[in-house]
Structures are given as structure tokens and as C-alpha cells.
>>> print(open('input-v4.csv').read())   # CSV, C-alpha atoms and all ligand atoms
chain,number,residue,atom,x,y,z
A,1,MET,CA,0.0,0.0,0.0
A,2,LEU,CA,2.8,2.4,1.0
A,3,LEU,CA,4.8,1.5,-2.0
A,4,ARG,CA,1.8,2.2,-4.2
A,5,LEU,CA,1.3,5.6,-2.6
A,6,ILE,CA,5.0,6.5,-3.1
A,7,LYS,CA,4.8,5.3,-6.7
A,8,LEU,CA,1.8,7.6,-7.3
A,9,ALA,CA,3.6,10.5,-5.7
A,10,LEU,CA,6.7,9.9,-7.8
A,11,PHE,CA,4.5,9.7,-10.9
A,12,LEU,CA,2.9,13.1,-10.2
A,13,VAL,CA,6.3,14.6,-9.4
A,14,ALA,CA,7.7,13.3,-12.6
A,15,LEU,CA,4.8,14.9,-14.5
A,16,ALA,CA,5.5,18.3,-12.9
A,17,PRO,CA,7.9,19.6,-15.5
A,18,LEU,CA,5.3,18.9,-18.2
A,19,ALA,CA,2.5,20.5,-16.1
A,20,ARG,CA,4.7,23.5,-15.6
A,21,LEU,CA,5.3,23.9,-19.4
A,22,ALA,CA,1.6,23.4,-20.1
A,23,TRP,CA,0.7,26.0,-17.4
A,24,LYS,CA,3.2,28.5,-18.9
A,25,ALA,CA,1.9,27.8,-22.5
A,26,PHE,CA,-1.7,28.5,-21.4
A,27,HIS,CA,-0.7,31.7,-19.6
A,28,ASP,CA,1.6,33.2,-22.2
A,29,GLY,CA,4.6,32.4,-20.1
A,30,LEU,CA,6.9,30.8,-22.6
A,31,GLY,CA,8.4,34.1,-23.8
A,32,ALA,CA,9.3,35.2,-27.3
A,33,ASN,CA,10.5,31.8,-28.5
A,34,PRO,CA,8.2,29.1,-27.0
A,35,ILE,CA,9.7,26.3,-29.1
A,36,GLU,CA,13.1,27.0,-27.8
A,37,VAL,CA,11.9,26.9,-24.2
A,38,ILE,CA,10.0,23.6,-24.8
A,39,THR,CA,13.0,22.1,-26.5
A,40,HIS,CA,15.4,23.1,-23.8
A,41,SER,CA,13.1,22.0,-20.9
A,42,THR,CA,12.3,18.6,-22.4
A,43,GLY,CA,16.0,18.0,-23.3
A,44,ASP,CA,17.1,18.9,-19.8
A,45,TRP,CA,14.5,16.6,-18.2
A,46,THR,CA,15.4,13.7,-20.5
A,47,LEU,CA,19.0,13.9,-19.3
A,48,ILE,CA,18.0,14.4,-15.7
A,49,PHE,CA,15.7,11.3,-15.8
A,50,VAL,CA,18.4,9.2,-17.6
A,51,LEU,CA,20.9,10.1,-14.8
A,52,THR,CA,18.4,9.5,-12.1
A,53,THR,CA,17.7,6.0,-13.5
A,54,LEU,CA,21.4,5.3,-13.5
A,55,SER,CA,21.7,6.5,-9.9
A,56,ILE,CA,19.2,4.0,-8.5
A,57,THR,CA,21.5,1.0,-8.3
A,58,PRO,CA,24.4,2.8,-6.6
A,59,LEU,CA,21.9,4.5,-4.2
A,60,ARG,CA,20.4,1.1,-3.5
A,61,ARG,CA,23.7,-0.4,-2.6
A,62,LEU,CA,25.0,2.5,-0.6
A,63,THR,CA,21.9,3.0,1.5
A,64,ARG,CA,20.9,-0.7,1.5
A,65,GLN,CA,17.4,0.4,0.6
A,66,HIS,CA,16.8,-2.4,-1.9
A,67,ARG,CA,13.2,-1.4,-2.4
A,68,LEU,CA,14.4,1.6,-4.5
A,69,ILE,CA,14.5,-0.9,-7.4
A,70,ALA,CA,10.7,-0.6,-7.5
A,71,PHE,CA,11.0,2.9,-8.9
A,72,ARG,CA,13.7,2.4,-11.5
A,73,ARG,CA,11.4,1.3,-14.3
A,74,MET,CA,9.0,4.3,-13.9
A,75,ILE,CA,11.9,6.8,-13.8
A,76,GLY,CA,13.4,5.1,-16.9
A,77,LEU,CA,10.1,5.3,-18.7
A,78,PHE,CA,9.8,9.0,-17.8
A,79,ALA,CA,13.3,9.5,-19.4
A,80,PHE,CA,11.9,8.0,-22.6
A,81,PHE,CA,8.7,10.0,-22.3
A,82,TYR,CA,10.5,13.3,-22.0
A,83,GLY,CA,12.9,12.2,-24.8
A,84,THR,CA,9.9,11.5,-27.0
A,85,LEU,CA,8.4,15.0,-26.2
A,86,HIS,CA,11.9,16.5,-27.0
A,87,PHE,CA,12.1,14.7,-30.3
A,88,LEU,CA,8.4,15.5,-31.2
A,89,THR,CA,9.1,19.2,-30.4
A,90,TYR,CA,11.9,19.2,-32.9
A,91,ILE,CA,10.3,17.3,-35.8
A,92,TRP,CA,6.8,18.7,-35.3
A,93,LEU,CA,6.9,22.2,-33.8
A,94,ASP,CA,10.4,23.2,-35.0
A,95,LYS,CA,10.6,21.5,-38.4
A,96,PHE,CA,6.9,20.7,-39.3
A,97,PHE,CA,7.9,17.2,-40.4
A,98,ASP,CA,9.9,18.8,-43.3
A,99,LEU,CA,12.5,16.0,-44.0
A,100,HIS,CA,14.6,18.2,-46.3
A,101,GLU,CA,14.9,20.8,-43.5
A,102,MET,CA,15.8,18.1,-41.0
A,103,PHE,CA,18.6,16.6,-43.2
A,104,LYS,CA,20.0,20.0,-43.8
A,105,ASP,CA,20.0,20.7,-40.1
A,106,ILE,CA,21.7,17.3,-39.4
A,107,ALA,CA,24.4,18.1,-41.9
A,108,LYS,CA,25.0,21.5,-40.4
A,109,ARG,CA,24.7,20.6,-36.8
A,110,PRO,CA,26.2,17.2,-35.9
A,111,PHE,CA,24.9,17.5,-32.3
A,112,ILE,CA,21.4,16.6,-33.7
A,113,THR,CA,22.8,13.3,-35.0
A,114,VAL,CA,24.2,12.6,-31.6
A,115,GLY,CA,21.0,13.5,-29.9
A,116,PHE,CA,19.0,11.3,-32.3
A,117,SER,CA,21.4,8.3,-31.6
A,118,ALA,CA,20.8,8.8,-27.9
A,119,PHE,CA,17.1,8.7,-28.4
A,120,VAL,CA,17.1,5.7,-30.7
A,121,LEU,CA,19.1,3.7,-28.1
A,122,MET,CA,16.3,4.4,-25.6
A,123,ILE,CA,13.7,2.7,-27.7
A,124,PRO,CA,14.7,-0.9,-27.1
A,125,LEU,CA,15.1,-0.1,-23.4
A,126,ALA,CA,11.5,1.3,-23.2
A,127,LEU,CA,10.2,-1.7,-25.2
A,128,THR,CA,11.8,-4.2,-22.9
A,129,SER,CA,11.1,-2.6,-19.6
A,130,SER,CA,8.4,-5.0,-18.5
A,131,ALA,CA,8.8,-8.0,-16.2
A,132,TRP,CA,7.6,-10.2,-19.1
A,133,SER,CA,10.6,-8.9,-21.2
A,134,ILE,CA,13.0,-9.7,-18.4
A,135,ARG,CA,11.7,-13.3,-18.2
A,136,ARG,CA,11.8,-13.7,-22.0
A,137,LEU,CA,15.3,-12.3,-22.5
A,138,GLY,CA,16.7,-13.8,-19.3
A,139,GLY,CA,18.2,-11.7,-16.6
A,140,LYS,CA,21.7,-11.6,-17.9
A,141,ASN,CA,20.8,-10.6,-21.5
A,142,TRP,CA,18.3,-8.1,-20.2
A,143,GLN,CA,21.0,-6.5,-18.0
A,144,ARG,CA,23.4,-6.5,-21.0
A,145,LEU,CA,20.9,-4.7,-23.2
A,146,HIS,CA,20.0,-2.2,-20.5
A,147,ARG,CA,23.6,-1.1,-20.1
A,148,LEU,CA,22.9,0.9,-23.3
A,149,ILE,CA,21.5,3.5,-21.0
A,150,TYR,CA,25.0,4.5,-20.2
A,151,LEU,CA,25.6,5.2,-23.9
A,152,THR,CA,22.4,7.2,-24.0
A,153,GLY,CA,23.7,9.2,-21.1
A,154,MET,CA,27.1,9.8,-22.7
A,155,LEU,CA,25.6,10.8,-26.1
A,156,GLY,CA,23.1,13.0,-24.3
A,157,VAL,CA,26.0,14.8,-22.5
A,158,VAL,CA,28.0,15.2,-25.8
A,159,HIS,CA,24.8,16.4,-27.6
A,160,TYR,CA,24.4,19.1,-24.9
A,161,TYR,CA,28.1,20.0,-24.8
A,162,TRP,CA,28.2,20.5,-28.6
A,163,LEU,CA,25.0,22.5,-28.9
A,164,VAL,CA,26.1,25.1,-26.2
A,165,LYS,CA,28.0,27.9,-27.7
A,166,ALA,CA,29.6,29.7,-24.8
A,167,ASP,CA,28.8,28.6,-21.3
A,168,HIS,CA,29.7,24.9,-21.0
A,169,ARG,CA,29.2,24.7,-17.2
A,170,LYS,CA,25.9,22.8,-17.3
A,171,PRO,CA,26.9,20.0,-19.7
A,172,ILE,CA,30.1,19.6,-17.8
A,173,GLU,CA,28.2,19.2,-14.6
A,174,TYR,CA,26.0,16.5,-16.2
A,175,GLY,CA,29.2,14.9,-17.5
A,176,ILE,CA,30.7,14.8,-14.0
A,177,VAL,CA,27.6,13.2,-12.5
A,178,LEU,CA,27.6,10.6,-15.3
A,179,SER,CA,31.3,9.9,-14.9
A,180,ALA,CA,30.9,9.4,-11.1
A,181,LEU,CA,28.1,6.9,-11.8
A,182,LEU,CA,30.2,5.1,-14.4
A,183,LEU,CA,33.2,5.0,-12.1
A,184,TYR,CA,31.1,3.5,-9.3
A,185,ARG,CA,29.9,0.7,-11.7
A,186,VAL,CA,33.5,0.0,-12.9
A,187,GLY,CA,34.7,-0.1,-9.3
A,188,VAL,CA,32.0,-2.6,-8.3
A,189,TRP,CA,32.7,-4.7,-11.4
A,190,GLY,CA,36.5,-4.6,-10.6
A,191,ALA,CA,36.0,-5.6,-7.0
A,192,LYS,CA,33.7,-8.5,-8.1
A,193,LYS,CA,36.3,-9.8,-10.6
A,194,ALA,CA,39.1,-9.5,-8.1
A,195,SER,CA,37.2,-11.6,-5.5
A,196,GLU,CA,36.3,-14.2,-8.2
A,197,THR,CA,40.0,-14.5,-9.1
A,198,ARG,CA,40.9,-14.8,-5.4
A,199,ALA,CA,38.3,-17.5,-5.0
A,200,LYS,CA,39.7,-19.4,-8.0
A,201,ARG,CA,43.3,-19.2,-6.7
A,202,THR,CA,42.4,-20.6,-3.3
A,203,ILE,CA,43.8,-24.1,-3.3
A,204,PRO,CA,41.3,-26.5,-1.7
A,205,ILE,CA,42.6,-28.4,1.3
A,206,PRO,CA,42.1,-32.2,0.9
A,207,ALA,CA,39.7,-33.5,3.5
A,208,ARG,CA,42.3,-35.9,4.9
A,209,ASP,CA,44.5,-32.9,5.9
A,210,LEU,CA,41.8,-31.1,7.7
A,211,PRO,CA,42.1,-31.2,11.5
A,301,LIG,C1,15.6,12.7,-30.7
A,301,LIG,C2,16.7,13.3,-31.1
A,301,LIG,C3,17.0,14.7,-30.6
A,301,LIG,C4,16.9,15.9,-31.2
A,301,LIG,C5,16.5,16.1,-32.7
A,301,LIG,C6,17.4,16.9,-30.3
A,301,LIG,C7,17.4,18.3,-30.6
A,301,LIG,C8,17.7,19.3,-29.8
A,301,LIG,C9,17.7,20.7,-30.1
A,301,LIG,C10,17.4,21.3,-31.5
A,301,LIG,C11,18.1,21.3,-29.0
A,301,LIG,C12,18.2,22.9,-28.8
A,301,LIG,C13,19.5,23.3,-29.5
A,301,LIG,C14,19.7,24.8,-29.4
A,301,LIG,O1,19.2,25.5,-28.6
A,301,LIG,O2,20.5,25.3,-30.3
A,301,LIG,C15,18.3,20.4,-27.9
A,301,LIG,C16,18.7,20.6,-26.6
A,301,LIG,C17,19.0,19.7,-25.7
A,301,LIG,N1,18.8,18.3,-25.8
A,301,LIG,FE1,18.3,17.3,-27.5
A,301,LIG,N2,17.7,16.3,-29.1
A,301,LIG,C18,17.5,15.0,-29.2
A,301,LIG,C19,17.7,14.0,-28.2
A,301,LIG,C20,18.1,14.3,-27.0
A,301,LIG,C21,18.3,13.3,-25.9
A,301,LIG,C22,18.0,11.8,-26.1
A,301,LIG,C23,18.8,14.0,-24.8
A,301,LIG,C24,19.1,13.4,-23.5
A,301,LIG,C25,19.6,12.2,-23.2
A,301,LIG,C26,18.8,15.4,-25.2
A,301,LIG,C27,19.2,16.4,-24.3
A,301,LIG,C28,19.2,17.7,-24.6
A,301,LIG,C29,19.6,18.8,-23.7
A,301,LIG,C30,20.1,18.5,-22.2
A,301,LIG,C31,19.4,20.0,-24.3
A,301,LIG,C32,19.8,21.4,-23.8
A,301,LIG,C33,18.8,21.8,-22.8
A,301,LIG,C34,19.1,23.2,-22.3
A,301,LIG,O3,19.6,24.1,-23.0
A,301,LIG,O4,18.9,23.4,-21.1
A,301,LIG,N3,18.4,15.5,-26.5
A,301,LIG,N4,18.1,19.1,-28.4
>>> encode(input="input-v4.csv", output="C-alpha cells")
Amino acid sequence: MLLRLIKLALFLVALAPLARLAWKAFHDGLGANPIEVITHSTGDWTLIFVLTTLSITPLRRLTRQHRLIAFRRMIGLFAFFYGTLHFLTYIWLDKFFDLHEMFKDIAKRPFITVGFSAFVLMIPLALTSSAWSIRRLGGKNWQRLHRLIYLTGMLGVVHYYWLVKADHRKPIEYGIVLSALLLYRVGVWGAKKASETRAKRTIPIPARDLP
């Protein structure tokens, strides 16, 4: 019951950035360039949700609050949701589905290609986020596939870094958070490998030699 309530609260909190944008849109609060405001807000929230999804496992281990795993799927799906809104803003509101314009833009601004790749990588993750998919793929394969989220995060940071013209502070901050999360994962993986190697090296004592 409590878990359900927390999930509902999280769901509403995750919708808040969209509600804020809608509120502003209906009250003439998006300024002189509303498309730019929507693109920037949805882009920012995509990256924030990607990084939040990635922080669940370290947070779970460090705080020993293993129930946090129950929220990871929803947060990941919100990353995809905001990514889709970001993409739709670009192809619909910005380019009016004009393919010629889009290709011209891609050729002129490579950061668009990087952003697009980050988004495409999110699609298989969203499609296989259910418990049914985990069972079908098998835990190991599912985990392997879902490591793609790190690549999405990296491409998202590069996309942001490339599109900014002068002040690179924010993309660098996102990059630092992502690097810390990656380093944590590499550290855990390294420690696991080392303990496996130690276990293999331990020579078993024959039963007759035991006291
Ligand atoms: C689907 C393909 C994507 C397209 C076409 C796209 C396009 C854009 C465009 C046109 C901008 C504004 C650029 C400017 O102001 O000059 C932008 C900003 C941004 N995008 Fe994307 N993007 C895509 C995917 C992504 C993804 C997957 C992420 C995150 C993982 C992301 C994160 C961002 C961020 C953080 C910003 C800057 C927000 C800010 O200025 O505060 N984008 N994107």
C-alpha cells in the first residue's frame, strides 16, 4: 500500500515539468521563443531522468534500501517520455515534419545526429522494460541490453556540450555526474572480478589434511 502511494507521488512529481510547461503555455509564459523553451526544458528533463535512472543501483547499494529498485522502471520510462516529447518538439513544432529541412539541419549541426542516436538507443530499453521482457530475455541478457542507458547518457552529454556555444558549465556538470556513476559501476565490477579471481586461486585443502 505504502509502495503504491510512493509510486503515485513519484508519478505526479515526474509529470510536474510537463505540467509547468503546459501552465506556462496557457498563460503566455513561454516568452518570445516558445519552441526553444520547450526544446530546452524537455531536453534537460530527458537527461535528468536518464541520470536518475542510473543512480538507483548505486543508491540502493550505498543505502541498503533495496526497495528503491521498484521505482527504476518508472523513472526510466519517464526519461523515454521526455525524450519523445523533446524529439516531437523538434520534428513537429520546429521542423513541421519537413524531412529536407531536417537533413539540412543534421548536416549543419552534428549534435542533432548525436541526440538522435541517444534517443534511438532508448527505444529498445523502453520496449523491454516490463517484467515479461526480463523473463523472455533472461536476466543476464536483459542486463546487458539495458547497459545501453550509459551510452544514451554519454551521447546526451555530448549532444548538450556540442550545442552550447559559450557557457559549458551545465553540460560539464552533467558529465561529472555521469562519470561518477560510471566509475562506481566500474569499481563494483573490478571488485567482483578480483574476488572471483581470489576464490579461484584458493587451493582447496584435501579432506584428509583437515584437523
Ligand atoms: C531525438 C533526437 C534529438 C533531437 C532532434 C534533439 C534536438 C535538440 C535541439 C534542437 C536542442 C536545442 C538546441 C539549441 O538551442 O540550439 C536540444 C537541446 C537539448 N537536448 Fe536534445 N535532441 C534529441 C535528443 C536528446 C536526448 C536523447 C537527450 C538526453 C539524453 C537530449 C538532451 C538535450 C539537452 C540537455 C538540451 C539542452 C537543454 C538546455 O539548453 O537546457 N536531447 N536538443
>>> residues_near_ligand(input="input-v4.csv", ligand="ligand LIG 301 (chain A)", cutoff="7 Å", atoms="only C-alpha atoms and all ligand atoms", output="count of residues only")
29
>>> closest_residue(input="input-v4.csv", among="A:Leu62, A:Ile35, A:Leu137, A:Ile69", to="Trp92 (chain A)", atoms="only C-alpha atoms")
A:Ile35
>>> closest_residue(input="input-v4.csv", among="A:Leu10, A:Leu181, A:Val37, A:Leu2", to="Ala22 (chain A)", atoms="only C-alpha atoms")
A:Val37
>>> closest_residue(input="input-v4.csv", among="A:Ala126, A:Val13, A:Leu21, A:Leu93", to="Arg73 (chain A)", atoms="all atoms listed in the file")
A:Ala126
>>> closest_residue(input="input-v4.csv", among="A:Thr113, A:Thr128, A:Ser179, A:Thr42", to="Trp142 (chain A)", atoms="all atoms listed in the file")
A:Thr128
>>> atom_distance(input="input-v4.csv", atom1="CA of Leu85 (chain A)", atom2="CA of Leu12 (chain A)")
17.0 Å
>>> atom_distance(input="input-v4.csv", atom1="CA of Leu54 (chain A)", atom2="CA of Pro110 (chain A)")
25.8 Å
>>> atom_distance(input="input-v4.csv", atom1="CA of Leu77 (chain A)", atom2="CA of Lys7 (chain A)")
13.1 Å
>>> residues_around(input="input-v4.csv", residues="Leu59 (chain A)", least_positions_apart="4", cutoff="12 Å", atoms="all atoms listed in the file", output="PyMOL selection string")
chain A and resi 52-55+63-69+71-72+181+184-185
>>> closest_residue(input="input-v4.csv", among="A:Leu88, A:Met74, A:Leu99, A:Ala191", to="Ile38 (chain A)", atoms="only C-alpha atoms")
A:Leu88
>>> residues_near_point(input="input-v4.csv", point="(31.2, 4.6, -17.3)", cutoff="12 Å", atoms="all atoms listed in the file", output="mmCIF file with C-alpha atoms, keeping the file's coordinate frame")
data_model
loop_
_atom_site.group_PDB
_atom_site.id
_atom_site.type_symbol
_atom_site.label_atom_id
_atom_site.label_comp_id
_atom_site.auth_asym_id
_atom_site.auth_seq_id
_atom_site.Cartn_x
_atom_site.Cartn_y
_atom_site.Cartn_z
ATOM 1 C CA LEU A 51 20.900 10.100 -14.800
ATOM 2 C CA LEU A 54 21.400 5.300 -13.500
ATOM 3 C CA ARG A 147 23.600 -1.100 -20.100
ATOM 4 C CA LEU A 148 22.900 0.900 -23.300
ATOM 5 C CA ILE A 149 21.500 3.500 -21.000
ATOM 6 C CA TYR A 150 25.000 4.500 -20.200
ATOM 7 C CA LEU A 151 25.600 5.200 -23.900
ATOM 8 C CA THR A 152 22.400 7.200 -24.000
ATOM 9 C CA GLY A 153 23.700 9.200 -21.100
ATOM 10 C CA MET A 154 27.100 9.800 -22.700
ATOM 11 C CA GLY A 175 29.200 14.900 -17.500
ATOM 12 C CA ILE A 176 30.700 14.800 -14.000
ATOM 13 C CA VAL A 177 27.600 13.200 -12.500
ATOM 14 C CA LEU A 178 27.600 10.600 -15.300
ATOM 15 C CA SER A 179 31.300 9.900 -14.900
ATOM 16 C CA ALA A 180 30.900 9.400 -11.100
ATOM 17 C CA LEU A 181 28.100 6.900 -11.800
ATOM 18 C CA LEU A 182 30.200 5.100 -14.400
ATOM 19 C CA LEU A 183 33.200 5.000 -12.100
ATOM 20 C CA TYR A 184 31.100 3.500 -9.300
ATOM 21 C CA ARG A 185 29.900 0.700 -11.700
ATOM 22 C CA VAL A 186 33.500 0.000 -12.900
ATOM 23 C CA GLY A 187 34.700 -0.100 -9.300
ATOM 24 C CA VAL A 188 32.000 -2.600 -8.300
ATOM 25 C CA TRP A 189 32.700 -4.700 -11.400
#
>>> closest_residue(input="input-v4.csv", among="A:Pro17, A:Pro34, A:Gly139, A:Gly29", to="Phe78 (chain A)", atoms="all atoms listed in the file")
A:Pro17
>>> decode(input="input-v4.csv", residues="region 11-22 of chain A", atoms="all heavy atoms", output="PDB file, in the first residue's frame")
ATOM      1  N   PHE A  11       5.093   9.485  -9.608  1.00  0.00           N
ATOM      2  CA  PHE A  11       4.486   9.671 -10.923  1.00  0.00           C
ATOM      3  C   PHE A  11       4.065  11.140 -11.112  1.00  0.00           C
ATOM      4  O   PHE A  11       4.359  11.764 -12.130  1.00  0.00           O
ATOM      5  CB  PHE A  11       3.267   8.732 -11.043  1.00  0.00           C
ATOM      6  CG  PHE A  11       2.598   8.763 -12.377  1.00  0.00           C
ATOM      7  CD1 PHE A  11       3.120   8.057 -13.452  1.00  0.00           C
ATOM      8  CD2 PHE A  11       1.444   9.511 -12.572  1.00  0.00           C
ATOM      9  CE1 PHE A  11       2.501   8.080 -14.698  1.00  0.00           C
ATOM     10  CE2 PHE A  11       0.808   9.547 -13.806  1.00  0.00           C
ATOM     11  CZ  PHE A  11       1.341   8.827 -14.879  1.00  0.00           C
ATOM     12  N   LEU A  12       3.421  11.694 -10.068  1.00  0.00           N
ATOM     13  CA  LEU A  12       2.950  13.081 -10.160  1.00  0.00           C
ATOM     14  C   LEU A  12       4.135  14.054 -10.188  1.00  0.00           C
ATOM     15  O   LEU A  12       4.128  15.028 -10.943  1.00  0.00           O
ATOM     16  CB  LEU A  12       2.010  13.400  -8.986  1.00  0.00           C
ATOM     17  CG  LEU A  12       0.705  12.583  -8.991  1.00  0.00           C
ATOM     18  CD1 LEU A  12      -0.120  12.872  -7.742  1.00  0.00           C
ATOM     19  CD2 LEU A  12      -0.130  12.890 -10.244  1.00  0.00           C
ATOM     20  N   VAL A  13       5.142  13.761  -9.375  1.00  0.00           N
ATOM     21  CA  VAL A  13       6.332  14.629  -9.352  1.00  0.00           C
ATOM     22  C   VAL A  13       6.996  14.620 -10.729  1.00  0.00           C
ATOM     23  O   VAL A  13       7.402  15.656 -11.259  1.00  0.00           O
ATOM     24  CB  VAL A  13       7.332  14.165  -8.254  1.00  0.00           C
ATOM     25  CG1 VAL A  13       8.681  14.848  -8.397  1.00  0.00           C
ATOM     26  CG2 VAL A  13       6.755  14.439  -6.871  1.00  0.00           C
ATOM     27  N   ALA A  14       7.070  13.415 -11.336  1.00  0.00           N
ATOM     28  CA  ALA A  14       7.722  13.299 -12.645  1.00  0.00           C
ATOM     29  C   ALA A  14       6.934  14.017 -13.743  1.00  0.00           C
ATOM     30  O   ALA A  14       7.503  14.419 -14.760  1.00  0.00           O
ATOM     31  CB  ALA A  14       7.909  11.819 -13.000  1.00  0.00           C
ATOM     32  N   LEU A  15       5.642  14.191 -13.515  1.00  0.00           N
ATOM     33  CA  LEU A  15       4.835  14.907 -14.512  1.00  0.00           C
ATOM     34  C   LEU A  15       4.915  16.433 -14.334  1.00  0.00           C
ATOM     35  O   LEU A  15       4.474  17.187 -15.213  1.00  0.00           O
ATOM     36  CB  LEU A  15       3.371  14.468 -14.423  1.00  0.00           C
ATOM     37  CG  LEU A  15       2.992  13.191 -15.169  1.00  0.00           C
ATOM     38  CD1 LEU A  15       1.523  12.888 -14.928  1.00  0.00           C
ATOM     39  CD2 LEU A  15       3.238  13.307 -16.678  1.00  0.00           C
ATOM     40  N   ALA A  16       5.461  16.853 -13.182  1.00  0.00           N
ATOM     41  CA  ALA A  16       5.478  18.290 -12.863  1.00  0.00           C
ATOM     42  C   ALA A  16       6.163  19.151 -13.940  1.00  0.00           C
ATOM     43  O   ALA A  16       5.622  20.213 -14.300  1.00  0.00           O
ATOM     44  CB  ALA A  16       6.111  18.510 -11.493  1.00  0.00           C
ATOM     45  N   PRO A  17       7.325  18.733 -14.493  1.00  0.00           N
ATOM     46  CA  PRO A  17       7.937  19.588 -15.530  1.00  0.00           C
ATOM     47  C   PRO A  17       7.023  19.806 -16.737  1.00  0.00           C
ATOM     48  O   PRO A  17       6.963  20.904 -17.289  1.00  0.00           O
ATOM     49  CB  PRO A  17       9.191  18.805 -15.949  1.00  0.00           C
ATOM     50  CG  PRO A  17       9.480  17.900 -14.818  1.00  0.00           C
ATOM     51  CD  PRO A  17       8.182  17.571 -14.177  1.00  0.00           C
ATOM     52  N   LEU A  18       6.264  18.760 -17.103  1.00  0.00           N
ATOM     53  CA  LEU A  18       5.343  18.895 -18.232  1.00  0.00           C
ATOM     54  C   LEU A  18       4.175  19.810 -17.847  1.00  0.00           C
ATOM     55  O   LEU A  18       3.766  20.685 -18.629  1.00  0.00           O
ATOM     56  CB  LEU A  18       4.818  17.512 -18.640  1.00  0.00           C
ATOM     57  CG  LEU A  18       3.809  17.512 -19.780  1.00  0.00           C
ATOM     58  CD1 LEU A  18       4.451  18.023 -21.072  1.00  0.00           C
ATOM     59  CD2 LEU A  18       3.230  16.120 -19.999  1.00  0.00           C
ATOM     60  N   ALA A  19       3.661  19.625 -16.621  1.00  0.00           N
ATOM     61  CA  ALA A  19       2.549  20.460 -16.149  1.00  0.00           C
ATOM     62  C   ALA A  19       2.981  21.930 -16.117  1.00  0.00           C
ATOM     63  O   ALA A  19       2.217  22.820 -16.497  1.00  0.00           O
ATOM     64  CB  ALA A  19       2.121  19.998 -14.759  1.00  0.00           C
ATOM     65  N   ARG A  20       4.220  22.168 -15.697  1.00  0.00           N
ATOM     66  CA  ARG A  20       4.742  23.534 -15.621  1.00  0.00           C
ATOM     67  C   ARG A  20       4.798  24.163 -17.018  1.00  0.00           C
ATOM     68  O   ARG A  20       4.397  25.313 -17.225  1.00  0.00           O
ATOM     69  CB  ARG A  20       6.143  23.491 -14.992  1.00  0.00           C
ATOM     70  CG  ARG A  20       6.679  24.837 -14.616  1.00  0.00           C
ATOM     71  CD  ARG A  20       7.823  24.707 -13.627  1.00  0.00           C
ATOM     72  NE  ARG A  20       8.649  25.908 -13.670  1.00  0.00           N
ATOM     73  CZ  ARG A  20       9.790  26.000 -14.325  1.00  0.00           C
ATOM     74  NH1 ARG A  20      10.256  24.951 -14.997  1.00  0.00           N
ATOM     75  NH2 ARG A  20      10.474  27.111 -14.327  1.00  0.00           N
ATOM     76  N   LEU A  21       5.261  23.355 -17.984  1.00  0.00           N
ATOM     77  CA  LEU A  21       5.325  23.852 -19.368  1.00  0.00           C
ATOM     78  C   LEU A  21       3.925  24.166 -19.892  1.00  0.00           C
ATOM     79  O   LEU A  21       3.700  25.198 -20.530  1.00  0.00           O
ATOM     80  CB  LEU A  21       5.964  22.796 -20.274  1.00  0.00           C
ATOM     81  CG  LEU A  21       7.472  22.831 -20.462  1.00  0.00           C
ATOM     82  CD1 LEU A  21       7.898  21.736 -21.420  1.00  0.00           C
ATOM     83  CD2 LEU A  21       7.950  24.181 -20.985  1.00  0.00           C
ATOM     84  N   ALA A  22       2.965  23.252 -19.608  1.00  0.00           N
ATOM     85  CA  ALA A  22       1.586  23.440 -20.084  1.00  0.00           C
ATOM     86  C   ALA A  22       0.980  24.690 -19.445  1.00  0.00           C
ATOM     87  O   ALA A  22       0.333  25.491 -20.133  1.00  0.00           O
ATOM     88  CB  ALA A  22       0.757  22.203 -19.753  1.00  0.00           C
TER      89      ALA A  22
END
